[in-house]
file work-v9.cif (mmCIF, C-alpha atoms)
data_my_file
#
loop_
_atom_site.label_atom_id
_atom_site.label_comp_id
_atom_site.auth_asym_id
_atom_site.auth_seq_id
_atom_site.Cartn_x
_atom_site.Cartn_y
_atom_site.Cartn_z
CA MET N 1 35.40 70.28 60.27
CA ARG N 2 39.13 70.06 60.93
CA ASN N 3 39.86 73.05 58.69
CA ILE N 4 37.16 75.13 60.37
CA LEU N 5 38.66 74.41 63.79
CA LEU N 6 42.19 75.16 62.58
CA LYS N 7 40.99 78.48 61.18
CA GLU N 8 39.56 79.39 64.58
CA ILE N 9 42.74 78.37 66.40
CA LYS N 10 45.19 80.06 64.04
CA LEU N 11 43.30 83.20 62.97
CA SER N 12 40.41 84.01 65.30
CA ALA N 13 41.53 83.01 68.78
CA SER N 14 42.98 85.30 71.40
CA PRO N 15 46.14 83.97 73.09
CA LEU N 16 44.33 84.48 76.41
CA ALA N 17 41.94 81.65 75.55
CA PHE N 18 44.87 79.22 75.54
CA LEU N 19 46.57 80.82 78.54
CA PHE N 20 43.42 80.61 80.66
CA ILE N 21 43.25 76.83 80.17
CA ALA N 22 45.79 76.74 83.01
CA PHE N 23 43.06 77.86 85.42
CA GLY N 24 41.95 74.25 85.35
CA LEU N 25 44.78 73.68 87.82
CA MET N 26 42.83 75.67 90.38
CA PHE N 27 41.34 72.30 91.33
CA LEU N 28 44.57 71.83 93.28
CA LEU N 29 43.99 74.87 95.47
CA PRO N 30 42.77 74.13 99.02
CA GLY N 31 40.46 76.61 100.73
CA TYR N 32 39.29 78.06 97.43
CA PRO N 33 36.04 77.53 95.47
CA VAL N 34 37.52 75.28 92.79
CA LEU N 35 34.67 75.84 90.32
CA CYS N 36 35.86 79.42 89.87
CA GLY N 37 38.54 77.83 87.70
CA ALA N 38 35.84 76.90 85.18
CA PHE N 39 34.62 80.50 85.16
CA PHE N 40 38.11 81.85 84.46
CA VAL N 41 38.39 79.47 81.50
CA THR N 42 35.22 80.98 80.06
CA LEU N 43 36.64 84.45 80.70
CA GLY N 44 39.50 83.56 78.35
CA LEU N 45 36.97 82.41 75.76
CA PHE N 46 35.10 85.70 76.15
CA GLN N 47 38.33 87.54 75.36
CA SER N 48 38.66 85.41 72.23
CA PHE N 49 35.14 86.34 71.09
CA GLN N 50 35.95 89.99 71.72
CA PHE N 51 39.21 89.73 69.78
CA ALA N 52 37.40 88.09 66.86
CA ARG N 53 34.69 90.74 66.87
CA GLU N 54 37.14 93.63 66.84
CA SER N 55 39.01 92.05 63.91
CA ASN N 56 35.69 91.65 62.03
CA ASP N 57 36.16 87.89 61.96
CA THR N 58 32.45 87.07 61.72
CA VAL N 59 32.05 88.89 58.41
CA PHE N 60 35.31 87.42 57.13
CA SER N 61 34.16 83.92 58.02
CA ALA N 62 30.76 84.46 56.43
CA LEU N 63 32.47 85.45 53.16
CA LEU N 64 34.34 82.16 53.00
CA PRO N 65 32.90 79.45 50.69
CA ILE N 66 31.18 77.69 53.58
CA ALA N 67 27.63 77.63 54.90
CA LYS N 68 26.66 80.13 57.59
CA LYS N 69 26.04 77.26 59.99
CA ASP N 70 29.69 76.23 59.52
CA VAL N 71 30.77 79.64 60.81
CA VAL N 72 28.85 78.89 64.01
CA LYS N 73 30.17 75.33 64.05
CA GLY N 74 33.76 76.56 63.96
CA ARG N 75 33.23 78.80 66.97
CA PHE N 76 31.47 76.06 68.92
CA LEU N 77 34.21 73.56 68.07
CA PHE N 78 36.85 75.98 69.30
CA THR N 79 34.89 76.75 72.47
CA CYS N 80 34.43 73.06 73.26
CA PHE N 81 38.10 72.38 72.47
CA ILE N 82 39.24 74.94 75.06
CA GLU N 83 36.69 73.77 77.61
CA LEU N 84 37.67 70.12 77.27
CA CYS N 85 41.39 70.94 77.47
CA ALA N 86 40.71 72.75 80.75
CA LEU N 87 38.53 69.88 81.93
CA LEU N 88 41.44 67.51 81.34
CA LEU N 89 43.61 69.59 83.69
CA MET N 90 40.79 69.65 86.22
CA ALA N 91 40.43 65.87 85.96
CA VAL N 92 44.16 65.32 86.49
CA SER N 93 44.09 67.68 89.49
CA ALA N 94 41.04 65.96 90.93
CA VAL N 95 42.59 62.50 90.55
CA LEU N 96 45.75 63.73 92.32
CA ARG N 97 43.64 65.05 95.20
CA MET N 98 41.65 61.82 95.33
CA THR N 99 44.76 59.61 95.42
CA VAL N 100 48.21 61.07 96.10
CA PHE N 101 47.02 63.98 98.28
CA VAL N 102 43.93 62.38 99.79
CA ASN N 103 45.34 62.60 103.34
CA ALA N 104 47.16 65.93 102.95
CA ALA N 105 46.26 68.27 105.81
CA PRO N 106 45.33 71.32 103.65
CA TYR N 107 42.73 69.21 101.83
CA VAL N 108 41.42 67.29 104.83
CA THR N 109 40.73 70.53 106.71
CA ASN N 110 39.29 72.27 103.66
CA ALA N 111 35.90 73.79 104.51
CA LEU N 112 34.92 74.20 100.86
CA MET N 113 33.95 71.66 98.23
CA ASN N 114 36.51 68.95 97.52
CA ALA N 115 37.89 68.47 94.03
CA ASN N 116 36.23 65.17 93.19
CA LEU N 117 34.08 63.80 90.37
CA PHE N 118 31.10 65.82 91.60
CA ALA N 119 33.20 68.96 91.20
CA LEU N 120 34.05 67.92 87.63
CA ALA N 121 30.32 67.62 86.98
CA GLY N 122 29.94 71.16 88.29
CA ALA N 123 32.59 72.41 85.87
CA LEU N 124 30.74 70.74 82.98
CA VAL N 125 27.50 72.46 84.04
CA ILE N 126 29.23 75.85 84.06
CA PHE N 127 30.68 75.21 80.61
CA ALA N 128 27.23 74.17 79.38
CA LEU N 129 25.76 77.42 80.71
CA PHE N 130 28.46 79.39 78.91
CA ASN N 131 27.67 77.67 75.63
CA LEU N 132 23.94 78.24 76.04
CA ILE N 133 23.81 81.72 77.52
CA PHE N 134 26.86 83.41 76.06
CA VAL N 135 27.84 81.65 72.83
CA CYS N 136 24.26 81.12 71.70
CA GLY N 137 23.36 84.58 72.97
CA PHE N 138 26.17 86.14 70.95
CA TYR N 139 24.67 84.80 67.73
CA LYS N 140 21.45 86.66 68.38
CA THR N 141 23.27 89.68 66.92
CA ALA N 142 26.73 88.23 66.07
CA TYR N 143 28.13 91.43 67.54
CA LYS N 144 26.91 92.26 71.08
CA LEU N 145 28.91 90.60 73.85
CA GLY N 146 28.10 92.45 77.06
CA LYS N 147 24.53 91.42 77.89
CA PRO N 148 24.94 87.66 77.29
CA PHE N 149 28.21 87.58 79.24
CA VAL N 150 26.81 89.47 82.22
CA THR N 151 23.83 87.10 82.21
CA PHE N 152 26.24 84.17 82.14
CA ILE N 153 28.31 85.60 85.03
CA ILE N 154 25.20 85.73 87.21
CA ALA N 155 24.19 82.18 86.25
CA ALA N 156 27.74 80.89 86.73
CA PHE N 157 28.20 82.22 90.25
CA VAL N 158 24.73 81.10 91.31
CA THR N 159 25.79 77.64 90.07
CA VAL N 160 29.12 77.83 91.95
CA GLY N 161 27.24 78.79 95.11
CA ALA N 162 24.75 75.94 94.65
CA PHE N 163 27.48 73.34 94.19
CA GLU N 164 29.46 74.69 97.13
CA ALA N 165 26.38 74.59 99.35
CA ALA N 166 25.11 71.19 98.19
CA HIS N 167 27.09 69.08 100.66
CA HIS N 168 25.79 71.16 103.57
CA VAL N 169 22.22 70.07 102.82
CA PRO N 170 21.18 67.25 105.16
CA GLY N 171 21.56 63.92 103.42
CA LEU N 172 23.85 65.22 100.68
CA GLY N 173 27.15 65.14 102.57
CA ALA N 174 28.38 62.27 100.38
CA LEU N 175 28.72 64.71 97.49
CA ASN N 176 31.80 66.12 99.22
CA ALA N 177 33.50 62.72 99.40
CA PHE N 178 37.26 62.36 99.86
CA GLY N 179 39.18 60.09 97.53
CA ALA N 180 37.25 57.01 96.40
CA GLU N 181 34.54 57.33 99.05
CA HIS N 182 31.06 57.02 97.55
CA ILE N 183 32.69 56.46 94.15
CA GLY N 184 29.44 55.10 92.72
CA LEU N 185 27.60 58.32 93.52
CA GLN N 186 30.51 60.38 92.20
CA LEU N 187 30.48 58.49 88.90
CA ILE N 188 26.73 58.99 88.55
CA CYS N 189 27.16 62.73 89.15
CA LEU N 190 29.95 62.91 86.57
CA ALA N 191 27.87 61.00 84.01
CA ALA N 192 24.98 63.40 84.65
CA GLY N 193 27.30 66.38 84.16
CA MET N 194 28.57 64.96 80.89
CA ALA N 195 25.00 64.40 79.68
CA VAL N 196 24.03 67.96 80.60
CA TYR N 197 27.08 69.37 78.81
CA ALA N 198 26.49 67.36 75.64
CA GLY N 199 22.75 67.98 75.52
CA VAL N 200 22.84 71.69 76.35
CA THR N 201 25.75 72.36 73.96
CA ALA N 202 23.97 70.56 71.10
CA ALA N 203 20.79 72.55 71.76
CA ALA N 204 22.75 75.81 71.99
CA TYR N 205 24.49 75.07 68.69
CA ALA N 206 21.22 74.36 66.90
CA LYS N 207 19.63 77.55 68.24
CA ALA N 208 22.72 79.63 67.42
CA CYS N 209 22.67 78.34 63.82
CA ALA N 210 19.00 79.28 63.48
CA ARG N 211 19.69 82.76 64.84
CA PHE N 212 22.73 83.37 62.66
CA GLU N 213 20.83 82.37 59.51
CA LYS N 214 18.40 85.25 60.15
CA ILE N 215 21.12 87.89 60.53
CA ASP N 216 21.88 90.13 57.56
CA LEU N 217 25.59 90.87 57.90
#

call {"tool": "encode", "arguments": {"input": "work-v9.cif", "output": "C-alpha coordinates"}}
result
Amino acid sequence: MRNILLKEIKLSASPLAFLFIAFGLMFLLPGYPVLCGAFFVTLGLFQSFQFARESNDTVFSALLPIAKKDVVKGRFLFTCFIELCALLLMAVSAVLRMTVFVNAAPYVTNALMNANLFALAGALVIFALFNLIFVCGFYKTAYKLGKPFVTFIIAAFVTVGAFEAAHHVPGLGALNAFGAEHIGLQLICLAAGMAVYAGVTAAAYAKACARFEKIDL
(Lines of atoms letter the chains of each structure in order from A and count residues from 1; the text may use other names and numbers.)
(Lines give C-alpha, C1' and ligand atoms only; values in the text may rest on other atoms or scores of the structure.)
Protein backbone atom coordinates (compact mmCIF):
# COMPACT_ATOMS: atom_id res chain seq x y z
CA MET A 1 0.00 0.00 0.00
CA ARG A 2 2.81 2.39 0.88
CA ASN A 3 4.62 1.71 -2.40
CA ILE A 4 1.45 2.25 -4.41
CA LEU A 5 0.89 5.63 -2.75
CA LEU A 6 4.53 6.65 -3.25
CA LYS A 7 4.26 5.76 -6.92
CA GLU A 8 1.23 8.05 -7.25
CA ILE A 9 2.96 10.90 -5.42
CA LYS A 10 6.30 10.66 -7.23
CA LEU A 11 5.27 9.65 -10.76
CA SER A 12 1.58 10.28 -11.43
CA ALA A 13 0.68 13.43 -9.54
CA SER A 14 0.52 16.92 -10.97
CA PRO A 15 2.29 19.58 -8.86
CA LEU A 16 -1.00 21.49 -8.87
CA ALA A 17 -2.57 18.82 -6.66
CA PHE A 18 -0.08 19.68 -3.91
CA LEU A 19 -0.24 23.43 -4.55
CA PHE A 20 -4.04 23.49 -4.32
CA ILE A 21 -3.92 22.01 -0.81
CA ALA A 22 -3.28 25.61 0.27
CA PHE A 23 -6.87 26.48 -0.66
CA GLY A 24 -7.78 24.90 2.66
CA LEU A 25 -6.69 28.22 4.15
CA MET A 26 -9.71 29.84 2.52
CA PHE A 27 -11.48 28.97 5.78
CA LEU A 28 -9.77 32.09 7.12
CA LEU A 29 -11.43 34.38 4.58
CA PRO A 30 -14.34 36.46 5.91
CA GLY A 31 -17.21 37.33 3.59
CA TYR A 32 -16.44 34.41 1.29
CA PRO A 33 -18.16 31.01 0.91
CA VAL A 34 -15.49 28.98 2.69
CA LEU A 35 -16.59 25.65 1.20
CA CYS A 36 -15.34 26.83 -2.18
CA GLY A 37 -11.91 26.02 -0.76
CA ALA A 38 -12.86 22.33 -0.79
CA PHE A 39 -13.88 22.63 -4.44
CA PHE A 40 -10.55 24.20 -5.41
CA VAL A 41 -8.74 21.30 -3.73
CA THR A 42 -10.66 18.89 -5.95
CA LEU A 43 -9.79 21.05 -8.96
CA GLY A 44 -6.13 20.37 -8.22
CA LEU A 45 -6.90 16.65 -8.05
CA PHE A 46 -8.68 16.87 -11.39
CA GLN A 47 -5.52 18.36 -12.90
CA SER A 48 -3.58 15.41 -11.48
CA PHE A 49 -5.96 12.93 -13.13
CA GLN A 50 -5.61 14.81 -16.40
CA PHE A 51 -1.81 14.83 -16.12
CA ALA A 52 -1.80 11.08 -15.44
CA ARG A 53 -4.09 10.40 -18.38
CA GLU A 54 -2.00 12.38 -20.83
CA SER A 55 1.13 10.54 -19.69
CA ASN A 56 -0.67 7.19 -20.19
CA ASP A 57 -0.24 6.39 -16.51
CA THR A 58 -3.26 4.07 -16.29
CA VAL A 59 -1.84 1.64 -18.84
CA PHE A 60 1.60 1.88 -17.24
CA SER A 61 0.16 1.10 -13.83
CA ALA A 62 -1.88 -1.80 -15.18
CA LEU A 63 1.31 -3.33 -16.63
CA LEU A 64 2.97 -3.37 -13.22
CA PRO A 65 2.98 -6.71 -11.33
CA ILE A 66 -0.02 -5.69 -9.22
CA ALA A 67 -3.72 -6.45 -9.37
CA LYS A 68 -5.97 -4.09 -11.32
CA LYS A 69 -7.77 -3.20 -8.10
CA ASP A 70 -4.43 -1.98 -6.71
CA VAL A 71 -4.21 0.52 -9.56
CA VAL A 72 -7.53 1.96 -8.39
CA LYS A 73 -6.44 1.74 -4.76
CA GLY A 74 -3.35 3.82 -5.47
CA ARG A 75 -5.40 6.60 -7.04
CA PHE A 76 -7.93 6.57 -4.21
CA LEU A 77 -5.15 6.63 -1.60
CA PHE A 78 -3.57 9.62 -3.29
CA THR A 79 -6.91 11.41 -3.60
CA CYS A 80 -7.72 10.85 0.07
CA PHE A 81 -4.20 11.91 1.06
CA ILE A 82 -4.60 15.28 -0.68
CA GLU A 83 -8.12 15.75 0.66
CA LEU A 84 -7.11 15.02 4.25
CA CYS A 85 -4.07 17.30 4.02
CA ALA A 86 -6.38 20.11 2.91
CA LEU A 87 -8.86 19.20 5.63
CA LEU A 88 -6.08 19.59 8.19
CA LEU A 89 -5.49 23.17 7.01
CA MET A 90 -9.22 23.81 7.12
CA ALA A 91 -9.39 22.42 10.66
CA VAL A 92 -6.51 24.63 11.84
CA SER A 93 -8.16 27.66 10.21
CA ALA A 94 -11.52 26.82 11.77
CA VAL A 95 -10.01 26.40 15.23
CA LEU A 96 -8.27 29.79 14.89
CA ARG A 97 -11.58 31.40 13.96
CA MET A 98 -13.34 29.64 16.82
CA THR A 99 -10.75 30.74 19.41
CA VAL A 100 -8.19 33.44 18.64
CA PHE A 101 -10.36 35.38 16.14
CA VAL A 102 -13.78 34.61 17.59
CA ASN A 103 -14.47 38.29 18.36
CA ALA A 104 -12.72 39.78 15.32
CA ALA A 105 -15.00 42.27 13.57
CA PRO A 106 -14.64 40.83 10.01
CA TYR A 107 -15.87 37.45 11.28
CA VAL A 108 -18.58 38.73 13.62
CA THR A 109 -20.16 40.76 10.82
CA ASN A 110 -19.76 37.99 8.25
CA ALA A 111 -23.08 37.34 6.50
CA LEU A 112 -21.98 33.96 5.16
CA MET A 113 -21.39 30.65 6.90
CA ASN A 114 -18.85 30.67 9.70
CA ALA A 115 -15.83 28.40 9.59
CA ASN A 116 -16.80 25.99 12.35
CA LEU A 117 -17.12 22.23 12.75
CA PHE A 118 -20.29 22.23 10.66
CA ALA A 119 -18.30 23.81 7.83
CA LEU A 120 -15.68 21.06 8.16
CA ALA A 121 -18.50 18.53 7.79
CA GLY A 122 -19.51 20.33 4.61
CA ALA A 123 -15.98 20.04 3.24
CA LEU A 124 -16.02 16.30 3.94
CA VAL A 125 -19.32 15.95 2.07
CA ILE A 126 -17.86 17.75 -0.96
CA PHE A 127 -14.80 15.50 -0.91
CA ALA A 128 -17.07 12.45 -0.65
CA LEU A 129 -19.02 13.64 -3.70
CA PHE A 130 -15.78 14.07 -5.62
CA ASN A 131 -14.71 10.53 -4.80
CA LEU A 132 -18.08 9.10 -5.78
CA ILE A 133 -18.98 11.16 -8.82
CA PHE A 134 -15.61 11.97 -10.36
CA VAL A 135 -13.07 9.37 -9.24
CA CYS A 136 -15.50 6.47 -9.48
CA GLY A 137 -16.94 7.97 -12.66
CA PHE A 138 -13.48 8.16 -14.22
CA TYR A 139 -13.04 4.41 -13.86
CA LYS A 140 -16.12 3.78 -15.96
CA THR A 141 -13.80 4.30 -18.94
CA ALA A 142 -10.42 5.00 -17.25
CA TYR A 143 -10.01 7.76 -19.81
CA LYS A 144 -12.92 10.25 -20.00
CA LEU A 145 -12.71 13.10 -17.50
CA GLY A 146 -15.09 15.80 -18.68
CA LYS A 147 -18.56 14.38 -18.00
CA PRO A 148 -17.89 13.11 -14.45
CA PHE A 149 -16.16 16.36 -13.49
CA VAL A 150 -18.93 18.57 -14.85
CA THR A 151 -21.45 16.42 -12.97
CA PHE A 152 -19.37 16.83 -9.83
CA ILE A 153 -19.16 20.63 -10.28
CA ILE A 154 -22.95 20.85 -10.36
CA ALA A 155 -23.29 18.62 -7.28
CA ALA A 156 -20.54 20.49 -5.43
CA PHE A 157 -22.02 23.95 -5.88
CA VAL A 158 -25.53 22.74 -5.04
CA THR A 159 -23.97 21.37 -1.83
CA VAL A 160 -22.15 24.66 -1.13
CA GLY A 161 -25.42 26.53 -1.62
CA ALA A 162 -27.29 24.14 0.68
CA PHE A 163 -24.73 24.47 3.47
CA GLU A 164 -24.61 28.24 3.10
CA ALA A 165 -28.40 28.45 3.25
CA ALA A 166 -28.87 25.96 6.11
CA HIS A 167 -28.50 28.44 8.97
CA HIS A 168 -31.15 30.70 7.42
CA VAL A 169 -33.77 27.97 7.81
CA PRO A 170 -35.90 28.61 10.90
CA GLY A 171 -34.65 26.51 13.79
CA LEU A 172 -31.25 25.79 12.24
CA GLY A 173 -29.46 29.00 13.19
CA ALA A 174 -27.27 27.09 15.65
CA LEU A 175 -25.44 25.54 12.70
CA ASN A 176 -23.75 28.90 12.16
CA ALA A 177 -22.40 29.03 15.71
CA PHE A 178 -19.46 31.24 16.69
CA GLY A 179 -16.61 29.72 18.64
CA ALA A 180 -17.64 27.00 21.08
CA GLU A 181 -21.34 27.87 20.98
CA HIS A 182 -23.49 24.77 20.47
CA ILE A 183 -20.30 22.68 20.48
CA GLY A 184 -22.30 19.49 21.01
CA LEU A 185 -24.28 20.05 17.83
CA GLN A 186 -21.11 21.00 15.96
CA LEU A 187 -19.39 17.78 17.04
CA ILE A 188 -22.38 15.71 15.96
CA CYS A 189 -22.33 17.40 12.55
CA LEU A 190 -18.60 16.78 12.19
CA ALA A 191 -19.00 13.11 13.17
CA ALA A 192 -21.79 12.78 10.60
CA GLY A 193 -19.56 14.35 7.93
CA MET A 194 -16.75 11.96 8.76
CA ALA A 195 -19.13 8.99 8.53
CA VAL A 196 -20.44 10.18 5.17
CA TYR A 197 -16.90 10.65 3.83
CA ALA A 198 -15.72 7.22 4.99
CA GLY A 199 -18.82 5.38 3.83
CA VAL A 200 -19.18 7.07 0.46
CA THR A 201 -15.45 6.79 -0.32
CA ALA A 202 -15.44 3.07 0.53
CA ALA A 203 -18.48 2.50 -1.68
CA ALA A 204 -16.95 4.55 -4.51
CA TYR A 205 -13.71 2.54 -4.28
CA ALA A 206 -15.53 -0.78 -4.45
CA LYS A 207 -17.59 0.34 -7.45
CA ALA A 208 -14.54 1.79 -9.21
CA CYS A 209 -12.66 -1.51 -8.77
CA ALA A 210 -15.59 -3.43 -10.27
CA ARG A 211 -15.73 -1.04 -13.22
CA PHE A 212 -12.00 -1.11 -13.87
CA GLU A 213 -11.94 -4.92 -13.87
CA LYS A 214 -14.33 -4.89 -16.85
CA ILE A 215 -12.22 -2.49 -18.93
CA ASP A 216 -10.00 -3.94 -21.64
CA LEU A 217 -7.04 -1.57 -21.77

call {"tool": "atom_distance", "arguments": {"input": "work-v9.cif", "atom1": "CA of Lys69 in chain N", "atom2": "CA of Cys209 in chain N"}}
result
5.2 Å

call {"tool": "closest_residue", "arguments": {"input": "work-v9.cif", "among": "N:Ser48, N:Leu16, N:Leu63, N:Leu96", "to": "Leu29 in chain N", "atoms": "only C-alpha atoms"}}
result
N:Leu96

call {"tool": "closest_residue", "arguments": {"input": "work-v9.cif", "among": "N:Phe163, N:Phe51, N:Phe149, N:Phe76", "to": "Met1 in chain N", "atoms": "all atoms listed in the file"}}
result
N:Phe76

call {"tool": "residues_around", "arguments": {"input": "work-v9.cif", "residues": "Ala192 in chain N", "least_positions_apart": "5", "cutoff": "9 Å", "atoms": "all atoms listed in the file", "output": "PDB file with C-alpha atoms, in the coordinates of the input"}}
result
ATOM      1  CA  ALA N 121      30.320  67.620  86.980  1.00  0.00           C
ATOM      2  CA  LEU N 187      30.480  58.490  88.900  1.00  0.00           C
ATOM      3  CA  TYR N 197      27.080  69.370  78.810  1.00  0.00           C
TER       4      TYR N 197
END

call {"tool": "resolve_selection", "arguments": {"input": "work-v9.cif", "expression": "the PyMOL selection byres ((chain N and resi 214) around 12)", "output": "list in words"}}
result
Lys68, Lys69, Tyr139, Lys140, Thr141, Ala142, Lys207, Ala208, Cys209, Ala210, Arg211, Phe212, Glu213, Ile215, Asp216 and Leu217 of chain N

call {"tool": "closest_residue", "arguments": {"input": "work-v9.cif", "among": "N:Met98, N:Val200, N:Ala128, N:Leu28", "to": "Asn116 in chain N", "atoms": "all atoms listed in the file"}}
result
N:Met98

call {"tool": "closest_residue", "arguments": {"input": "work-v9.cif", "among": "N:Leu43, N:Ile133, N:Leu145, N:Val59", "to": "Val71 in chain N", "atoms": "only C-alpha atoms"}}
result
N:Val59

call {"tool": "resolve_selection", "arguments": {"input": "work-v9.cif", "expression": "the PyMOL selection byres ((chain N and resi 82) around 10)", "output": "ChimeraX atom specification"}}
result
/N:9,17-18,20-21,41-42,44-45,76-81,83-88

call {"tool": "resolve_selection", "arguments": {"input": "work-v9.cif", "expression": "the PyMOL selection byres ((chain N and resi 150) around 12)", "output": "PyMOL selection string"}}
result
chain N and resi 43+46+130+133-134+137-138+144-149+151-157

call {"tool": "residues_around", "arguments": {"input": "work-v9.cif", "residues": "Leu25 in chain N", "least_positions_apart": "6", "cutoff": "9 Å", "atoms": "only C-alpha atoms", "output": "CSV table (one decimal) with C-alpha atoms, keeping the file's coordinate frame"}}
result
chain,number,residue,atom,x,y,z
N,34,VAL,CA,37.5,75.3,92.8
N,37,GLY,CA,38.5,77.8,87.7
N,86,ALA,CA,40.7,72.8,80.8
N,89,LEU,CA,43.6,69.6,83.7
N,90,MET,CA,40.8,69.6,86.2
N,92,VAL,CA,44.2,65.3,86.5
N,93,SER,CA,44.1,67.7,89.5

call {"tool": "atom_distance", "arguments": {"input": "work-v9.cif", "atom1": "CA of Val135 in chain N", "atom2": "CA of Ala191 in chain N"}}
result
23.5 Å

call {"tool": "atom_distance", "arguments": {"input": "work-v9.cif", "atom1": "CA of Ala166 in chain N", "atom2": "CA of Leu129 in chain N"}}
result
18.6 Å

call {"tool": "axis_aligned_box", "arguments": {"input": "work-v9.cif", "around": "range 170-176 of chain N", "padding_each_side": "6 Å", "output": "JSON"}}
result
{"center_x": 26.5, "center_y": 64.8, "center_z": 101.3, "size_x": 22.6, "size_y": 17.0, "size_z": 19.7}

call {"tool": "closest_residue", "arguments": {"input": "work-v9.cif", "among": "N:Gly184, N:Leu35, N:Leu11, N:Gln47", "to": "Phe60 in chain N", "atoms": "all atoms listed in the file"}}
result
N:Leu11

call {"tool": "closest_residue", "arguments": {"input": "work-v9.cif", "among": "N:Thr58, N:Ala22, N:Ala162, N:Lys73", "to": "Ala119 in chain N", "atoms": "all atoms listed in the file"}}
result
N:Ala162

call {"tool": "residues_around", "arguments": {"input": "work-v9.cif", "residues": "Ala111 in chain N", "least_positions_apart": "3", "cutoff": "12 Å", "atoms": "only C-alpha atoms", "output": "list in words"}}
result
Pro30, Gly31, Tyr32, Pro33, Val34, Ala105, Pro106, Tyr107, Val108, Asn114, Ala115, Glu164, Ala165, His167, His168 and Asn176 of chain N

call {"tool": "residues_near_point", "arguments": {"input": "work-v9.cif", "point": "(26.9, 64.0, 80.2)", "cutoff": "12 Å", "atoms": "only C-alpha atoms", "output": "PDB file with C-alpha atoms, in the frame of the given file"}}
result
ATOM      1  CA  LEU N 120      34.050  67.920  87.630  1.00  0.00           C
ATOM      2  CA  ALA N 121      30.320  67.620  86.980  1.00  0.00           C
ATOM      3  CA  GLY N 122      29.940  71.160  88.290  1.00  0.00           C
ATOM      4  CA  ALA N 123      32.590  72.410  85.870  1.00  0.00           C
ATOM      5  CA  LEU N 124      30.740  70.740  82.980  1.00  0.00           C
ATOM      6  CA  VAL N 125      27.500  72.460  84.040  1.00  0.00           C
ATOM      7  CA  PHE N 127      30.680  75.210  80.610  1.00  0.00           C
ATOM      8  CA  ALA N 128      27.230  74.170  79.380  1.00  0.00           C
ATOM      9  CA  LEU N 187      30.480  58.490  88.900  1.00  0.00           C
ATOM     10  CA  ILE N 188      26.730  58.990  88.550  1.00  0.00           C
ATOM     11  CA  CYS N 189      27.160  62.730  89.150  1.00  0.00           C
ATOM     12  CA  LEU N 190      29.950  62.910  86.570  1.00  0.00           C
ATOM     13  CA  ALA N 191      27.870  61.000  84.010  1.00  0.00           C
ATOM     14  CA  ALA N 192      24.980  63.400  84.650  1.00  0.00           C
ATOM     15  CA  GLY N 193      27.300  66.380  84.160  1.00  0.00           C
ATOM     16  CA  MET N 194      28.570  64.960  80.890  1.00  0.00           C
ATOM     17  CA  ALA N 195      25.000  64.400  79.680  1.00  0.00           C
ATOM     18  CA  VAL N 196      24.030  67.960  80.600  1.00  0.00           C
ATOM     19  CA  TYR N 197      27.080  69.370  78.810  1.00  0.00           C
ATOM     20  CA  ALA N 198      26.490  67.360  75.640  1.00  0.00           C
ATOM     21  CA  GLY N 199      22.750  67.980  75.520  1.00  0.00           C
ATOM     22  CA  VAL N 200      22.840  71.690  76.350  1.00  0.00           C
ATOM     23  CA  THR N 201      25.750  72.360  73.960  1.00  0.00           C
ATOM     24  CA  ALA N 202      23.970  70.560  71.100  1.00  0.00           C
TER      25      ALA N 202
END

call {"tool": "decode", "arguments": {"input": "work-v9.cif", "residues": "range 176-199 of chain N", "atoms": "N, CA and C atoms", "output": "CSV table (one decimal), in the first residue's frame"}}
result
chain,number,residue,atom,x,y,z
N,176,ASN,N,-24.7,27.8,12.5
N,176,ASN,CA,-23.7,28.9,12.2
N,176,ASN,C,-23.1,29.5,13.4
N,177,ALA,N,-22.9,28.6,14.4
N,177,ALA,CA,-22.4,29.0,15.7
N,177,ALA,C,-21.0,29.7,15.6
N,178,PHE,N,-20.8,30.6,16.5
N,178,PHE,CA,-19.5,31.2,16.7
N,178,PHE,C,-18.7,30.5,17.8
N,179,GLY,N,-17.4,30.3,17.6
N,179,GLY,CA,-16.6,29.7,18.6
N,179,GLY,C,-17.1,28.4,19.1
N,180,ALA,N,-17.2,28.3,20.5
N,180,ALA,CA,-17.6,27.0,21.1
N,180,ALA,C,-19.1,26.9,21.4
N,181,GLU,N,-19.9,27.9,20.8
N,181,GLU,CA,-21.3,27.9,21.0
N,181,GLU,C,-21.9,26.6,20.3
N,182,HIS,N,-22.8,26.0,21.0
N,182,HIS,CA,-23.5,24.8,20.5
N,182,HIS,C,-22.5,23.7,20.0
N,183,ILE,N,-21.4,23.6,20.9
N,183,ILE,CA,-20.3,22.7,20.5
N,183,ILE,C,-20.8,21.2,20.3
N,184,GLY,N,-21.8,20.8,21.1
N,184,GLY,CA,-22.3,19.5,21.0
N,184,GLY,C,-22.9,19.2,19.6
N,185,LEU,N,-23.7,20.2,19.2
N,185,LEU,CA,-24.3,20.0,17.8
N,185,LEU,C,-23.2,20.1,16.8
N,186,GLN,N,-22.2,20.9,16.9
N,186,GLN,CA,-21.1,21.0,16.0
N,186,GLN,C,-20.4,19.7,15.9
N,187,LEU,N,-20.1,19.1,17.0
N,187,LEU,CA,-19.4,17.8,17.0
N,187,LEU,C,-20.2,16.7,16.4
N,188,ILE,N,-21.5,16.7,16.6
N,188,ILE,CA,-22.4,15.7,16.0
N,188,ILE,C,-22.3,15.9,14.4
N,189,CYS,N,-22.4,17.1,14.0
N,189,CYS,CA,-22.3,17.4,12.5
N,189,CYS,C,-21.0,16.9,12.0
N,190,LEU,N,-19.9,17.2,12.7
N,190,LEU,CA,-18.6,16.8,12.2
N,190,LEU,C,-18.5,15.3,12.1
N,191,ALA,N,-19.0,14.6,13.2
N,191,ALA,CA,-19.0,13.1,13.2
N,191,ALA,C,-19.8,12.6,12.0
N,192,ALA,N,-21.0,13.2,11.7
N,192,ALA,CA,-21.8,12.8,10.6
N,192,ALA,C,-21.0,13.0,9.3
N,193,GLY,N,-20.3,14.1,9.1
N,193,GLY,CA,-19.6,14.4,7.9
N,193,GLY,C,-18.5,13.3,7.7
N,194,MET,N,-17.8,13.0,8.8
N,194,MET,CA,-16.7,12.0,8.8
N,194,MET,C,-17.3,10.6,8.3
N,195,ALA,N,-18.5,10.3,8.9
N,195,ALA,CA,-19.1,9.0,8.5
N,195,ALA,C,-19.5,9.0,7.1
N,196,VAL,N,-20.1,10.1,6.6
N,196,VAL,CA,-20.4,10.2,5.2
N,196,VAL,C,-19.2,10.0,4.3
N,197,TYR,N,-18.1,10.7,4.6
N,197,TYR,CA,-16.9,10.7,3.8
N,197,TYR,C,-16.4,9.2,3.8
N,198,ALA,N,-16.3,8.6,4.9
N,198,ALA,CA,-15.7,7.2,5.0
N,198,ALA,C,-16.6,6.2,4.2
N,199,GLY,N,-17.9,6.3,4.5
N,199,GLY,CA,-18.8,5.4,3.8
N,199,GLY,C,-18.9,5.6,2.3
